[in-house]
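Enquirer: Structure below; questions to follow.
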Amino acid sequence: MSERVIPLVDQRIAALPVQIPAMPIPATGLLGDALGRPLRDLRISVTDRCNFRCSYCMPKEVFDKDYPYLPHSALLTFEEITRVARLFIGHGVQKIRLTGGEPLLRKNIEVLIEQLAALRTTEGKPLDLTLTTNGSLLERKARSLKAAGLHRVTVSLDGLDDAVFRRMNDVDFPVADVLRGIDAARQAGLGPIKVNMVVKRGTNDHEILPMARHFKGSGIVLRFIEYMDVGATNGWRMDEVMPSAEVVDLIRQELPLVPLDPAAPGETAERWGYADGSGEIGVISSVTQAFCRDCNRARLSTEGKLYLCLFADKGHDLRPLVRGDVSDEALSGAIASIWQGRSDRYSELRASLPPDASKSGRRIEMSYIGG
């Protein structure tokens with residue numbers, strides 16, 4: 001049994017100082033970081049709560065009934081989120097993804113979606129507005145999400161075998177309910193739909209081919225994600241990582257594949273199409289094939305901390321500025337200054353880190369800032 005490391009310090013409390021630059025930084029839509037990477041994708045966590053207890057994200061041993069979730073008063077309001085999003089858009093953001101925890105647990109999430117859907121990019125175009133969900137509430141919510149202005153959804157699904165799925169979500173939730181949610185999303189027009197499967201060797205790797213067969217020809221893009229060393233509570237071990245190259249080789253033995261070009265700059269998934277033209281899959285290889293050099297994503301936590309990397313240990317606390325007597329120009333300048341100083345590239349440096357670096361207990365939990 002692998003050793004599980006429990007953090008002794010709540011990393012949500014840790015924060016980096018945020019300063020308003022002395023000189024204004026104009027919002028031209030062309031902001032670059034220290035490595036020249038543009039700001040294009042903003043991921044906003046709307047809650048730190050989830051109704052699943054997946055071992056690779058929110059293990060029950062840590063996130064139990066006594067776990068101190070953030071109080072509602074600490075969370076950014078929908079109006080505060082929309083204000084911050086508008087300022088990010090001024091610096092080049094074109095896509096916003098709502099995450100959690102489980103974002104559909106946030107009460108009246110449709111109101112936030114309506115507000116964000118009304119925003120426009122610097123070119124005057126609608127945002128690419130999407131949401132990642134575990135699918136548990138999707139059947140009930142799909143139509144209202146679409147009506148509010150959501151474009152599409154990504155659903156996390158780690159297997160089709162009901163016993164495997166119930167074991168992985170660790171709350172005995174049936175896979176059939178998630179599949180009905182995916183169907184409801186498709187009928188509501190929330191597409192193209194993507195389904196994300198985290199592959200953990202020895203746990204659900206035998207579900208790769210059944211998942212590929214099930215979604216082939218459906219119009220749904222199935223993506224396989226390498227089990228990542230995010231946070232400090234999931235007991236990550238390298239020998240439980242199944243490299244994406246193995247996943248592709250396994251599938252192509254039965255279902256021939258051809259490589260596809262990236263759909264957009266900074267895309268995390270390597271795309272493969274079925275040779276018979278019946279759809280595609282994707283693989284996300286953040287452990288074995290780092291894609292830091294094209295990373296154009298920022299992450300905003302549910303209470304207003306800005307994270308520049310999924311593997312960060314501290315965020316920049318924007319909430320005091322958001323709730324203080326600070327103008328849009330000043331807040332926009334602070335955001336720009338933070339991004340300009342960004343040099344994060346953890347996945348590229350992982351191999352050169354000390355062997356025990358993954359057990360440092362410092363990195364922020366994925367459930368807190370989304371994937």
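Lettering and numbering for the structure tokens are positional, with chains as A, B, ... in the shown order, residues counted from 1 in each chain, and ligands counted from 1 in the shown order.
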What's around region 126-133 of chain A at 7 Å? Count only C-alpha atoms, leave out sequence neighbours fewer than 6 positions away in its own chain, and write the answer as a list in words.

Expert: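 Contacts, with the query itself left out: Gln94, Lys95, Ile96, Arg97, Leu98, Thr99, Glu102, Pro103, Ala117, Leu119, Arg120, Leu150, His151, Arg152, Val153, Thr154, Val155 and Ser156 of chain A.
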
Enquirer: Would you put the residues from that selection into a file with all heavy atoms, as a short mmCIF file (atom, residue, chain, number, x, y, z; two decimals), in the first residue's frame?

Expert:
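Okay, result.cif is ready:
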data_model
loop_
_atom_site.label_atom_id
_atom_site.label_comp_id
_atom_site.auth_asym_id
_atom_site.auth_seq_id
_atom_site.Cartn_x
_atom_site.Cartn_y
_atom_site.Cartn_z
N GLN A 94 -9.58 34.47 -24.05
CA GLN A 94 -10.62 34.16 -25.04
C GLN A 94 -11.51 33.00 -24.61
O GLN A 94 -12.58 32.79 -25.18
CB GLN A 94 -9.97 33.83 -26.38
CG GLN A 94 -9.16 34.97 -26.96
CD GLN A 94 -8.38 34.59 -28.19
OE1 GLN A 94 -8.33 33.42 -28.57
NE2 GLN A 94 -7.75 35.56 -28.83
N LYS A 95 -11.05 32.26 -23.60
CA LYS A 95 -11.78 31.07 -23.15
C LYS A 95 -11.87 31.08 -21.64
O LYS A 95 -10.87 31.34 -20.96
CB LYS A 95 -11.07 29.80 -23.63
CG LYS A 95 -11.62 28.51 -23.08
CD LYS A 95 -10.77 27.33 -23.57
CE LYS A 95 -11.18 26.02 -22.95
NZ LYS A 95 -10.30 24.91 -23.39
N ILE A 96 -13.04 30.81 -21.12
CA ILE A 96 -13.24 30.68 -19.68
C ILE A 96 -13.86 29.32 -19.40
O ILE A 96 -14.85 28.93 -20.02
CB ILE A 96 -14.13 31.80 -19.11
CG1 ILE A 96 -13.38 33.12 -19.14
CG2 ILE A 96 -14.58 31.46 -17.70
CD1 ILE A 96 -14.17 34.30 -18.58
N ARG A 97 -13.24 28.59 -18.49
CA ARG A 97 -13.76 27.29 -18.06
C ARG A 97 -14.12 27.38 -16.58
O ARG A 97 -13.30 27.77 -15.75
CB ARG A 97 -12.71 26.20 -18.27
CG ARG A 97 -13.16 24.82 -17.78
CD ARG A 97 -12.11 23.74 -18.03
NE ARG A 97 -11.85 23.56 -19.45
CZ ARG A 97 -12.60 22.83 -20.27
NH1 ARG A 97 -13.68 22.22 -19.79
NH2 ARG A 97 -12.30 22.71 -21.53
N LEU A 98 -15.35 27.02 -16.25
CA LEU A 98 -15.79 26.97 -14.86
C LEU A 98 -15.49 25.60 -14.30
O LEU A 98 -15.81 24.58 -14.91
CB LEU A 98 -17.29 27.29 -14.77
CG LEU A 98 -17.70 28.67 -15.29
CD1 LEU A 98 -19.21 28.85 -15.15
CD2 LEU A 98 -16.95 29.78 -14.57
N THR A 99 -14.88 25.58 -13.12
CA THR A 99 -14.47 24.34 -12.48
C THR A 99 -14.86 24.36 -11.02
O THR A 99 -15.52 25.28 -10.55
CB THR A 99 -12.94 24.14 -12.61
OG1 THR A 99 -12.27 25.11 -11.81
CG2 THR A 99 -12.47 24.27 -14.05
N GLU A 102 -16.89 20.52 -7.67
CA GLU A 102 -17.93 20.25 -8.66
C GLU A 102 -18.74 21.53 -8.86
O GLU A 102 -19.52 21.93 -7.98
CB GLU A 102 -18.83 19.11 -8.18
CG GLU A 102 -20.09 18.90 -9.00
CD GLU A 102 -19.84 18.88 -10.50
OE1 GLU A 102 -18.93 18.15 -10.94
OE2 GLU A 102 -20.53 19.59 -11.24
N PRO A 103 -18.55 22.22 -10.00
CA PRO A 103 -19.16 23.54 -10.18
C PRO A 103 -20.67 23.55 -10.14
O PRO A 103 -21.27 24.58 -9.78
CB PRO A 103 -18.63 23.99 -11.55
CG PRO A 103 -18.21 22.73 -12.24
CD PRO A 103 -17.74 21.82 -11.15
N ALA A 117 -21.47 35.05 -20.23
CA ALA A 117 -21.83 34.91 -21.65
C ALA A 117 -22.05 36.26 -22.32
O ALA A 117 -21.97 36.37 -23.55
CB ALA A 117 -23.09 34.05 -21.78
N LEU A 119 -20.12 38.84 -21.91
CA LEU A 119 -18.82 39.49 -22.14
C LEU A 119 -18.34 39.19 -23.56
O LEU A 119 -18.73 38.21 -24.18
CB LEU A 119 -17.80 38.99 -21.12
CG LEU A 119 -18.14 39.25 -19.64
CD1 LEU A 119 -17.08 38.62 -18.74
CD2 LEU A 119 -18.27 40.74 -19.37
N ARG A 120 -17.44 40.04 -24.05
CA ARG A 120 -16.88 39.88 -25.38
C ARG A 120 -15.36 40.02 -25.33
O ARG A 120 -14.82 40.74 -24.49
CB ARG A 120 -17.45 40.93 -26.35
CG ARG A 120 -18.93 40.75 -26.67
CD ARG A 120 -19.18 39.44 -27.39
NE ARG A 120 -20.59 39.19 -27.71
CZ ARG A 120 -21.40 38.48 -26.94
NH1 ARG A 120 -20.96 37.95 -25.79
NH2 ARG A 120 -22.66 38.28 -27.31
N LEU A 150 -24.08 28.76 -21.67
CA LEU A 150 -22.92 27.86 -21.69
C LEU A 150 -22.80 27.22 -23.06
O LEU A 150 -23.80 26.81 -23.66
CB LEU A 150 -23.07 26.79 -20.61
CG LEU A 150 -21.83 25.90 -20.38
CD1 LEU A 150 -20.71 26.71 -19.73
CD2 LEU A 150 -22.18 24.70 -19.49
N HIS A 151 -21.57 27.11 -23.58
CA HIS A 151 -21.37 26.55 -24.91
C HIS A 151 -21.23 25.03 -24.88
O HIS A 151 -21.84 24.32 -25.67
CB HIS A 151 -20.12 27.15 -25.55
CG HIS A 151 -20.25 28.62 -25.81
ND1 HIS A 151 -19.17 29.46 -25.91
CD2 HIS A 151 -21.35 29.41 -25.97
CE1 HIS A 151 -19.58 30.69 -26.15
NE2 HIS A 151 -20.90 30.68 -26.17
N ARG A 152 -20.41 24.51 -23.95
CA ARG A 152 -20.13 23.08 -23.98
C ARG A 152 -19.66 22.61 -22.61
O ARG A 152 -19.37 23.44 -21.73
CB ARG A 152 -19.08 22.75 -25.04
CG ARG A 152 -17.80 23.53 -24.94
CD ARG A 152 -16.93 23.39 -26.19
NE ARG A 152 -15.73 24.21 -26.09
CZ ARG A 152 -14.60 23.83 -25.52
NH1 ARG A 152 -14.51 22.61 -24.99
NH2 ARG A 152 -13.56 24.63 -25.47
N VAL A 153 -19.59 21.30 -22.45
CA VAL A 153 -19.16 20.72 -21.18
C VAL A 153 -18.08 19.67 -21.42
O VAL A 153 -18.02 19.05 -22.48
CB VAL A 153 -20.32 20.08 -20.40
CG1 VAL A 153 -21.30 21.13 -19.92
CG2 VAL A 153 -21.01 19.00 -21.22
N THR A 154 -17.26 19.49 -20.40
CA THR A 154 -16.33 18.37 -20.31
C THR A 154 -16.74 17.55 -19.10
O THR A 154 -16.93 18.11 -18.01
CB THR A 154 -14.89 18.86 -20.16
OG1 THR A 154 -14.51 19.59 -21.34
CG2 THR A 154 -13.94 17.69 -19.97
N VAL A 155 -16.88 16.25 -19.29
CA VAL A 155 -17.36 15.37 -18.21
C VAL A 155 -16.23 14.43 -17.80
O VAL A 155 -15.60 13.79 -18.65
CB VAL A 155 -18.58 14.56 -18.65
CG1 VAL A 155 -19.08 13.67 -17.51
CG2 VAL A 155 -19.70 15.49 -19.13
N SER A 156 -15.97 14.35 -16.51
CA SER A 156 -14.99 13.41 -15.99
C SER A 156 -15.65 12.05 -15.81
O SER A 156 -16.67 11.93 -15.14
CB SER A 156 -14.44 13.90 -14.64
OG SER A 156 -13.81 15.16 -14.79
#

Enquirer: So how far away is CA of Thr302 (chain A) from CA of Pro38 (chain A), in Å?

Expert: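 Atom-to-atom, CA of Pro38 (chain A) and CA of Thr302 (chain A) are spaced 23.2 Å apart.
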
Enquirer: Using only C-alpha atoms, can you tell me which of A:Arg299, A:Ser332, A:Val221, A:Gly304 comes closest to Leu70 (chain A)?

Expert: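 Between A:Arg299, A:Ser332, A:Val221, A:Gly304, the residue approaching Leu70 (chain A) most closely is A:Gly304.
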
Enquirer: Would you kindly return, as JSON, numbers by chain, each protein, DNA or RNA residue with an atom no farther than 8 Å from any atom of region 195-198 of chain A, considering only C-alpha atoms and excluding same-chain residues fewer than 6 positions away?

Expert: {"A": [154, 155, 156, 157, 158, 159, 220, 221, 222, 223, 224, 225, 226, 227]}

Enquirer: Write out as a PyMOL selection string the residues lying within 8 Å of Asp170 (chain A), counting only C-alpha atoms and excluding same-chain residues fewer than 6 positions away.

Expert: chain A and resi 52-55+60

Enquirer: Keeping only all heavy atoms, write the selected residues to a file as a PDB file, in the first residue's frame.

Expert:
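Wrote again25.pdb, looks like this:
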ATOM      1  N   PHE A  52     -18.182  13.834  -4.995  1.00  0.00           N
ATOM      2  CA  PHE A  52     -17.402  12.611  -5.189  1.00  0.00           C
ATOM      3  C   PHE A  52     -16.175  12.656  -4.272  1.00  0.00           C
ATOM      4  O   PHE A  52     -15.778  13.726  -3.812  1.00  0.00           O
ATOM      5  CB  PHE A  52     -16.935  12.480  -6.640  1.00  0.00           C
ATOM      6  CG  PHE A  52     -18.002  12.021  -7.613  1.00  0.00           C
ATOM      7  CD1 PHE A  52     -19.335  11.922  -7.247  1.00  0.00           C
ATOM      8  CD2 PHE A  52     -17.661  11.705  -8.920  1.00  0.00           C
ATOM      9  CE1 PHE A  52     -20.303  11.504  -8.139  1.00  0.00           C
ATOM     10  CE2 PHE A  52     -18.623  11.291  -9.828  1.00  0.00           C
ATOM     11  CZ  PHE A  52     -19.948  11.186  -9.445  1.00  0.00           C
ATOM     12  N   ARG A  53     -15.585  11.498  -4.065  1.00  0.00           N
ATOM     13  CA  ARG A  53     -14.368  11.413  -3.265  1.00  0.00           C
ATOM     14  C   ARG A  53     -13.323  10.569  -4.015  1.00  0.00           C
ATOM     15  O   ARG A  53     -12.775   9.604  -3.485  1.00  0.00           O
ATOM     16  CB  ARG A  53     -14.673  10.812  -1.885  1.00  0.00           C
ATOM     17  CG  ARG A  53     -15.408  11.751  -0.953  1.00  0.00           C
ATOM     18  CD  ARG A  53     -14.563  12.980  -0.614  1.00  0.00           C
ATOM     19  NE  ARG A  53     -15.286  13.955   0.198  1.00  0.00           N
ATOM     20  CZ  ARG A  53     -15.969  14.966  -0.299  1.00  0.00           C
ATOM     21  NH1 ARG A  53     -16.053  15.133  -1.612  1.00  0.00           N
ATOM     22  NH2 ARG A  53     -16.567  15.824   0.498  1.00  0.00           N
ATOM     23  N   CYS A  54     -13.056  10.972  -5.248  1.00  0.00           N
ATOM     24  CA  CYS A  54     -12.082  10.246  -6.068  1.00  0.00           C
ATOM     25  C   CYS A  54     -10.713  10.263  -5.395  1.00  0.00           C
ATOM     26  O   CYS A  54     -10.253  11.313  -4.934  1.00  0.00           O
ATOM     27  CB  CYS A  54     -11.994  10.866  -7.456  1.00  0.00           C
ATOM     28  SG  CYS A  54     -13.590  10.916  -8.323  1.00  0.00           S
ATOM     29  N   SER A  55     -10.060   9.119  -5.358  1.00  0.00           N
ATOM     30  CA  SER A  55      -8.817   8.989  -4.607  1.00  0.00           C
ATOM     31  C   SER A  55      -7.706   9.858  -5.166  1.00  0.00           C
ATOM     32  O   SER A  55      -6.813  10.282  -4.430  1.00  0.00           O
ATOM     33  CB  SER A  55      -8.370   7.524  -4.584  1.00  0.00           C
ATOM     34  OG  SER A  55      -8.136   7.056  -5.902  1.00  0.00           O
ATOM     35  N   LYS A  60     -11.224  10.385   0.563  1.00  0.00           N
ATOM     36  CA  LYS A  60     -12.130  10.449   1.707  1.00  0.00           C
ATOM     37  C   LYS A  60     -11.394  10.559   3.038  1.00  0.00           C
ATOM     38  O   LYS A  60     -11.905  11.150   4.000  1.00  0.00           O
ATOM     39  CB  LYS A  60     -13.032   9.208   1.696  1.00  0.00           C
ATOM     40  CG  LYS A  60     -14.168   9.233   2.680  1.00  0.00           C
ATOM     41  CD  LYS A  60     -15.033   7.987   2.558  1.00  0.00           C
ATOM     42  CE  LYS A  60     -15.854   7.988   1.277  1.00  0.00           C
ATOM     43  NZ  LYS A  60     -16.778   6.822   1.211  1.00  0.00           N
TER      44      LYS A  60
END

Enquirer: So that I can see what lies close to Tyr69 (chain A), please list as a PyMOL selection string the residues with an atom at most 10 Å from it, counting only C-alpha atoms and leaving out residues fewer than 4 positions away in the same chain.

Expert: chain A and resi 47-49+63+65+368

Enquirer: How many Å lie between CA of Met58 (chain A) and CA of Arg180 (chain A), rounded to one decimal?

Expert: 23.8 Å

Enquirer: If you count only C-alpha atoms, which residues fall within 10 Å of Gly333 (chain A), apart from same-chain ones fewer than 5 positions away, as a ChimeraX atom specification?

Expert: /A:19-27,87,91,327-328,338-339

Enquirer: Using DSSP on the backbone, list every residue of region 10-244 of chain A that comes out as strand (DSSP E), and give them as a count of residues only.

Expert: 35

Enquirer: Give me the residues near Ala15 (chain A) as number ranges by chain, where near means some atom within 9 Å (using only C-alpha atoms) and where sequence neighbours in that chain fewer than 6 positions away do not count.

Expert: A: 305, 313-317

Enquirer: Just to be explicit: take each residue in the selection above, keep N, CA, C and O atoms, and write the result as a CSV table (one decimal), in the first residue's frame.

Expert:
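The resulting file, selection_24.csv, is reproduced below:
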chain,number,residue,atom,x,y,z
A,305,LYS,N,-7.9,33.8,-5.3
A,305,LYS,CA,-6.4,33.7,-5.5
A,305,LYS,C,-6.1,33.3,-6.9
A,305,LYS,O,-6.7,32.4,-7.5
A,313,ASP,N,2.3,26.3,-5.4
A,313,ASP,CA,2.1,26.1,-4.0
A,313,ASP,C,1.5,27.4,-3.3
A,313,ASP,O,1.0,27.3,-2.2
A,314,LYS,N,1.5,28.5,-4.0
A,314,LYS,CA,0.9,29.7,-3.5
A,314,LYS,C,0.2,30.5,-4.7
A,314,LYS,O,0.6,30.4,-5.8
A,315,GLY,N,-0.9,31.2,-4.3
A,315,GLY,CA,-1.6,32.0,-5.2
A,315,GLY,C,-1.4,33.5,-4.9
A,315,GLY,O,-1.0,33.8,-3.8
A,316,HIS,N,-1.8,34.3,-5.8
A,316,HIS,CA,-1.7,35.8,-5.6
A,316,HIS,C,-3.1,36.2,-5.2
A,316,HIS,O,-4.1,36.1,-6.0
A,317,ASP,N,-3.3,36.8,-4.0
A,317,ASP,CA,-4.6,37.0,-3.4
A,317,ASP,C,-5.2,38.3,-4.0
A,317,ASP,O,-4.8,39.4,-3.6

Enquirer: How many Å lie between CA of Arg143 (chain A) and CA of Gly370 (chain A), rounded to one decimal?

Expert: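 That distance, rounded to one decimal, is 23.3 Å.
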
Enquirer: Out of region 38-213 of chain A, which residues get helix (DSSP H, G or I) from DSSP, as a ChimeraX atom specification?

Expert: /A:72-74,78-90,103-105,109-117,138-148,162-169,175-188,205-213
